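Comments concern the structure below.
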Amino acid sequence: MEREEVLFGVLGPVTAEHATANTTDGRSGPIALKGPRHRAVLARLIVARRRVVPVARLVADLWADSPPPGAVGAVQTFVAALRRALEPDRPPRAPARLLVTEGPGYALRAEPDAVDAWRFETAVAEAAELPPARALPRLDEALELWRGPAYADFAQEEWVRGERARLAELRLRSVERRAGAQLALGLAAEAVPDLDAHLADHPWREDAWRLLALALYRTDRQGDALAVLRRARSTLVRQLGVDPGPGLRRLEADILAQDPALGANAGQTGPTDTAARLWTRAAAAYDRTVAAGARARLETTVGLLRDLAVTGGGGLTAAREHRMAAVAAAEEFGDPVLTGRVIGAFDVPAIWTRGDDPELARQIVAAAERTLAALPPPGGSDGSDASGGSDGSDGSDPSGGLDPSGGSRTYAADGTYDAVRCRLLATVAVETRGSHSSRGPQAAGQAEAIARRLDDPALLAFALNGAFMQSFTRAGLAPRRAEIGAELVALGARHGLVTFEVLGHLIGLQAHGALGDFRSADAHAIAADRLAARHELPLVGIFTRWYGALRLAASGDLAGAGSAYESAAADLPDSGMPGLTHGLLPLALLSLHFADGPRVPARDAVDPAADWGPYRPWIMPLAALASGDRPTARTALRALPDPPRDLLYEACCALEATVALELGDRAVLARVRERLLPASAELAGAGSGLLTLGPVSRYLAAIAAALQD
């Protein structure tokens with residue numbers, strides 16, 4: 001007897017059906033799921049994507065207002081009935097195969113291709129990697145899976161709201177990708193009716209307007225194409241209070257100019273030639289149509305700087321040089337929303353916790369704080385703004401929904417103020433990295449709360465970057481950073497946020513390295529390198545090569561690690577990351593002397609003349625000890641500040657502990673023990689993904705022994 005397969009449908013009303021007829025009774029077809037609560041339990045487990053949902057969570061979701069006294073028993077009854085329906089041939093008392101009990105709750109162990117939504121996502125992801133001729137049928141197959149709105153039976157339920165919105169957005173993008181594939185294949189006429197229907201239901205989709213106008217133009221309907229663009233402008237202004245974006249404006253100008261690049265045969269030469277020609281034509285069209293002093297130019301410039309920053313060391317340095325000038329230019333308009341957009345648009349993922357230009361960071365934070373203060377108070381549920389203020393009693397927008405600069409553009413109605421506020425707070429969190437100020441963690445928490453309330457993936461990714469940068473308030477927070485990394489990976493993969501997906505992998509590499517889970521860290525390194533190669537992100541390799549050296553050190557190959565560190569360091573001067581570069585190689589080579597635990601290294605390993613960068617204060621007492629100067633070492637030890645709250649916090653504490661152990665300084669030992677205790681299960685310094693001074697537990701054990709003497 002062949003094992004029966006159950007297929008689940010959520011792209012419409014929730015359904016289940018037996019798909020294999022090779023059972024004892026030839027069973028196949030729909031499965032009766034009984035009442036709405038049974039369906040709700042099944043749907044909630046599908047939303048969890050094979051993960052366990054605790055019974056308490058199921059109760060809270062099924063009875064959002066007030067669970068009845070017997071709610072837990074009711075859930076157990078629903079589960080038992082579902083098990084009988086899903087696996088009718090399961091012998092009595094045999095363990096369930098599909099709807100399993102695990103820990104505090106239940107999980108649905110459906111196969112990856114057993115849920116139509118999962119098959120849809122797989123097909124869409126595969127189509128994105130295929131040429132148009134192969135992508136089109138794959139997208140057709142994916143879209144045919146839809147029978148109605150996702151989880152249609154539970155449209156009002158909070159627990160499925162995010163998943164429904166995510167799937168709906170993915171479907172809309174798939175319709176537009178399908179139209180793009182048709183245009184690429186010369187099927188413009190076939191694309192027109194589907195795009196018309198698409199826009200009738202979703203008139204805010206600017207890319208759909210662009211595709212429809214282009215399809216009409218390619219079927220020799222230039223007048224209709226221009227009429228569509230005028231209709232797009234009218235619809236966007238009337239319904240959303242926004243003007244068309246640069247893409248629609250450029251297309252209108254190109255149609256009026258009858259640009260040959262819009263023709264059906266455009267793009268059939270080599271990709272490099274096509275890209276170069278497109279850049280030239282787009283830049284020329286932009287110069288023709290966008291006034292020299294227009295706000296759009298400023299926002300476009302910041303977008304270019306953001307993209308430039310991830311192209312390599314030279315691009316990162318150039319972007320940094322022009323960043324504050326863009327902010328200053330925005331402030332001249334006197335519009336805090338524009339200024340906030342310009343400041344917050346520079347959401348370049350940040351992985352290293354020491355800034356490259358502290359003065360620039362100070363200026364950016366000051367500008368962000370000024371802009372936050374200039375925005376109207378928020379109308380969010382928390383009732384407080386970034387500076388601790390509160391809303392008016394009626395929660396209304398004090399500006400009346402007008403552009404603060406005096407224009408008529410509506411901001412508050414579409415959440416623009418909150419989105420801008422979120423980006424400003426995330427900027428503050430990222431740019432105050434490594435400091436001891438409470439403002440950074442506060443701003444990170446506020447940004448994350450706003451982003452989750454707005455349910456905006458790009459905002460949440462930026463806010464999580466801020467949360468990561470502020471996750472160093474004490475030692476031992478690698479598990480929290482592993483969670484942030486995992487969420488960024490999932491968020492980036494799901495919504496096409498490639499640079500944040502890479503950031504998530506690099507954070508995962510660091511966090512799992514700190515926990516000594518090198519199998520997971522290795523997987524993150526491989527994934528980061530793969531994405532970097534595909535999307536031309538050369539700076540990623542700097543971190544993964546350094547991680548390779550750390551792996552050699554952690555495995556005991558100290559000679560190999562030393563050579564790997566020397567090789568990896570050759571890339572640092574051109575990386576555009578002085579905050580990473582200064583002092584790193586000497587510190588990494590020194591770390592190899594701690595393979596057997598805390599001990600004062602030989603004198604040549606702590607040469608005071610070397611470029612120790614920001615780590616010099618923690619090296620000087622060690623260097624004095626290595627040269628036999630104990631009084632100087634004691635003075636330098638007592639003068640040490642609290643290490644910066646960053647990726648090398650535990651490493652600096654370990655260096656401090658080594659000196660204090662040698663000198664028998666009980667006061668310093670007690671202080672360092674308190675700092676390191678939360679990280680007792682971690683490897684000192686490995687959270688950087690670059691180097692390690694060995695297990696924190698060794699230092700704690702040595703300190704405990706010294707304090708008992």
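FYI, nothing fancy with the structure tokens labels: chains A, B, ... in order, residues from 1 per chain, ligands from 1 as they appear.
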Check segment 82-164 of chain A with DSSP on the backbone and list each residue it calls alpha helix (DSSP H), as a ChimeraX atom specification. /A:82-86,116-128,132-143,161-164
Please determine, counting only C-alpha atoms, which residue among A:Ala133, A:Pro377, A:Arg671, A:Ser567 has the shortest atom-to-atom distance to Arg178 of chain A.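 Of A:Ala133, A:Pro377, A:Arg671, A:Ser567, the one nearest Arg178 of chain A is A:Ala133, counting only C-alpha atoms.
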Determine, counting only C-alpha atoms, which protein, DNA and RNA residues have an atom within 6 Å of an atom of Gly576 of chain A; residues of the same chain fewer than 5 positions away are not included. Present the result as a JSON list (two decimals) with all heavy atoms, in the first residue's frame.
```
[["chain", "number", "residue", "atom", "x", "y", "z"],
["A", 313, "GLY", "N", 34.79, 49.08, -1.89],
["A", 313, "GLY", "CA", 35.40, 50.06, -1.00],
["A", 313, "GLY", "C", 35.37, 51.47, -1.54],
["A", 313, "GLY", "O", 35.08, 52.43, -0.82],
["A", 316, "LEU", "N", 31.84, 52.84, -1.32],
["A", 316, "LEU", "CA", 31.46, 53.12, 0.06],
["A", 316, "LEU", "C", 32.07, 54.43, 0.53],
["A", 316, "LEU", "O", 31.41, 55.26, 1.16],
["A", 316, "LEU", "CB", 31.91, 51.96, 0.96],
["A", 316, "LEU", "CG", 31.59, 52.09, 2.45],
["A", 316, "LEU", "CD1", 30.10, 52.26, 2.68],
["A", 316, "LEU", "CD2", 32.11, 50.87, 3.21],
["A", 317, "THR", "N", 33.35, 54.64, 0.20],
["A", 317, "THR", "CA", 34.02, 55.89, 0.59],
["A", 317, "THR", "C", 33.38, 57.09, -0.09],
["A", 317, "THR", "O", 33.12, 58.12, 0.54],
["A", 317, "THR", "CB", 35.51, 55.81, 0.23],
["A", 317, "THR", "OG1", 36.11, 54.70, 0.91],
["A", 317, "THR", "CG2", 36.23, 57.09, 0.62]]
```
Can you list every residue of segment 613-702 of chain A that has an atom at most 8 Å from segment 580-584 of chain A, with its nearest atom pair and the distance in Å to one decimal, using only C-alpha atoms, ordered by chain then number, as a tab-separated table?
```
residue	atom	partner	partner_atom	distance
A:Gly613	CA	A:Gly583	CA	4.1
A:Pro614	CA	A:Gly583	CA	6.6
A:Tyr615	CA	A:Gly583	CA	6.6
```
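Each of A:Val430, A:Leu167, A:Val160, A:Ile703 was compared to Pro358 of chain A using only C-alpha atoms, and A:Val430 turns out to be the nearest.
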Write out as a list in words the residues lying within 12 Å of Asp194 of chain A, counting only C-alpha atoms and excluding same-chain residues fewer than 6 positions away. Leu172, Val175, Glu176, Arg177, Arg178, Ala179, Gly180, Gln182, Leu187, Ala188, Ala200, Asp201, Ala208, Trp209, Leu211, Leu212 and Ala215 of chain A
Find the residues near Pro695 of chain A: any atom within 7 Å, counting only C-alpha atoms, skip ones fewer than 3 places away on the same chain, and give them as an mmCIF file with C-alpha atoms, in the first residue's frame.
```cif
data_model
loop_
_atom_site.group_PDB
_atom_site.id
_atom_site.type_symbol
_atom_site.label_atom_id
_atom_site.label_comp_id
_atom_site.auth_asym_id
_atom_site.auth_seq_id
_atom_site.Cartn_x
_atom_site.Cartn_y
_atom_site.Cartn_z
ATOM 1 C CA GLU A 682 30.385 31.899 24.451
ATOM 2 C CA LEU A 683 33.800 32.226 22.826
ATOM 3 C CA ALA A 684 35.406 35.564 23.653
ATOM 4 C CA ARG A 698 38.231 29.621 30.953
#
```
Val302 of chain A surroundings by only C-alpha atoms, 8 Å radius, close-in-sequence under 6 positions cut, as JSON, numbers by chain: {"A": [323, 326, 342, 345, 346]}
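Nearest to Gly35 of chain A of all the residues A:Val14, A:Leu375, A:Ala225, A:Val53 is A:Val14, based on only C-alpha atoms.
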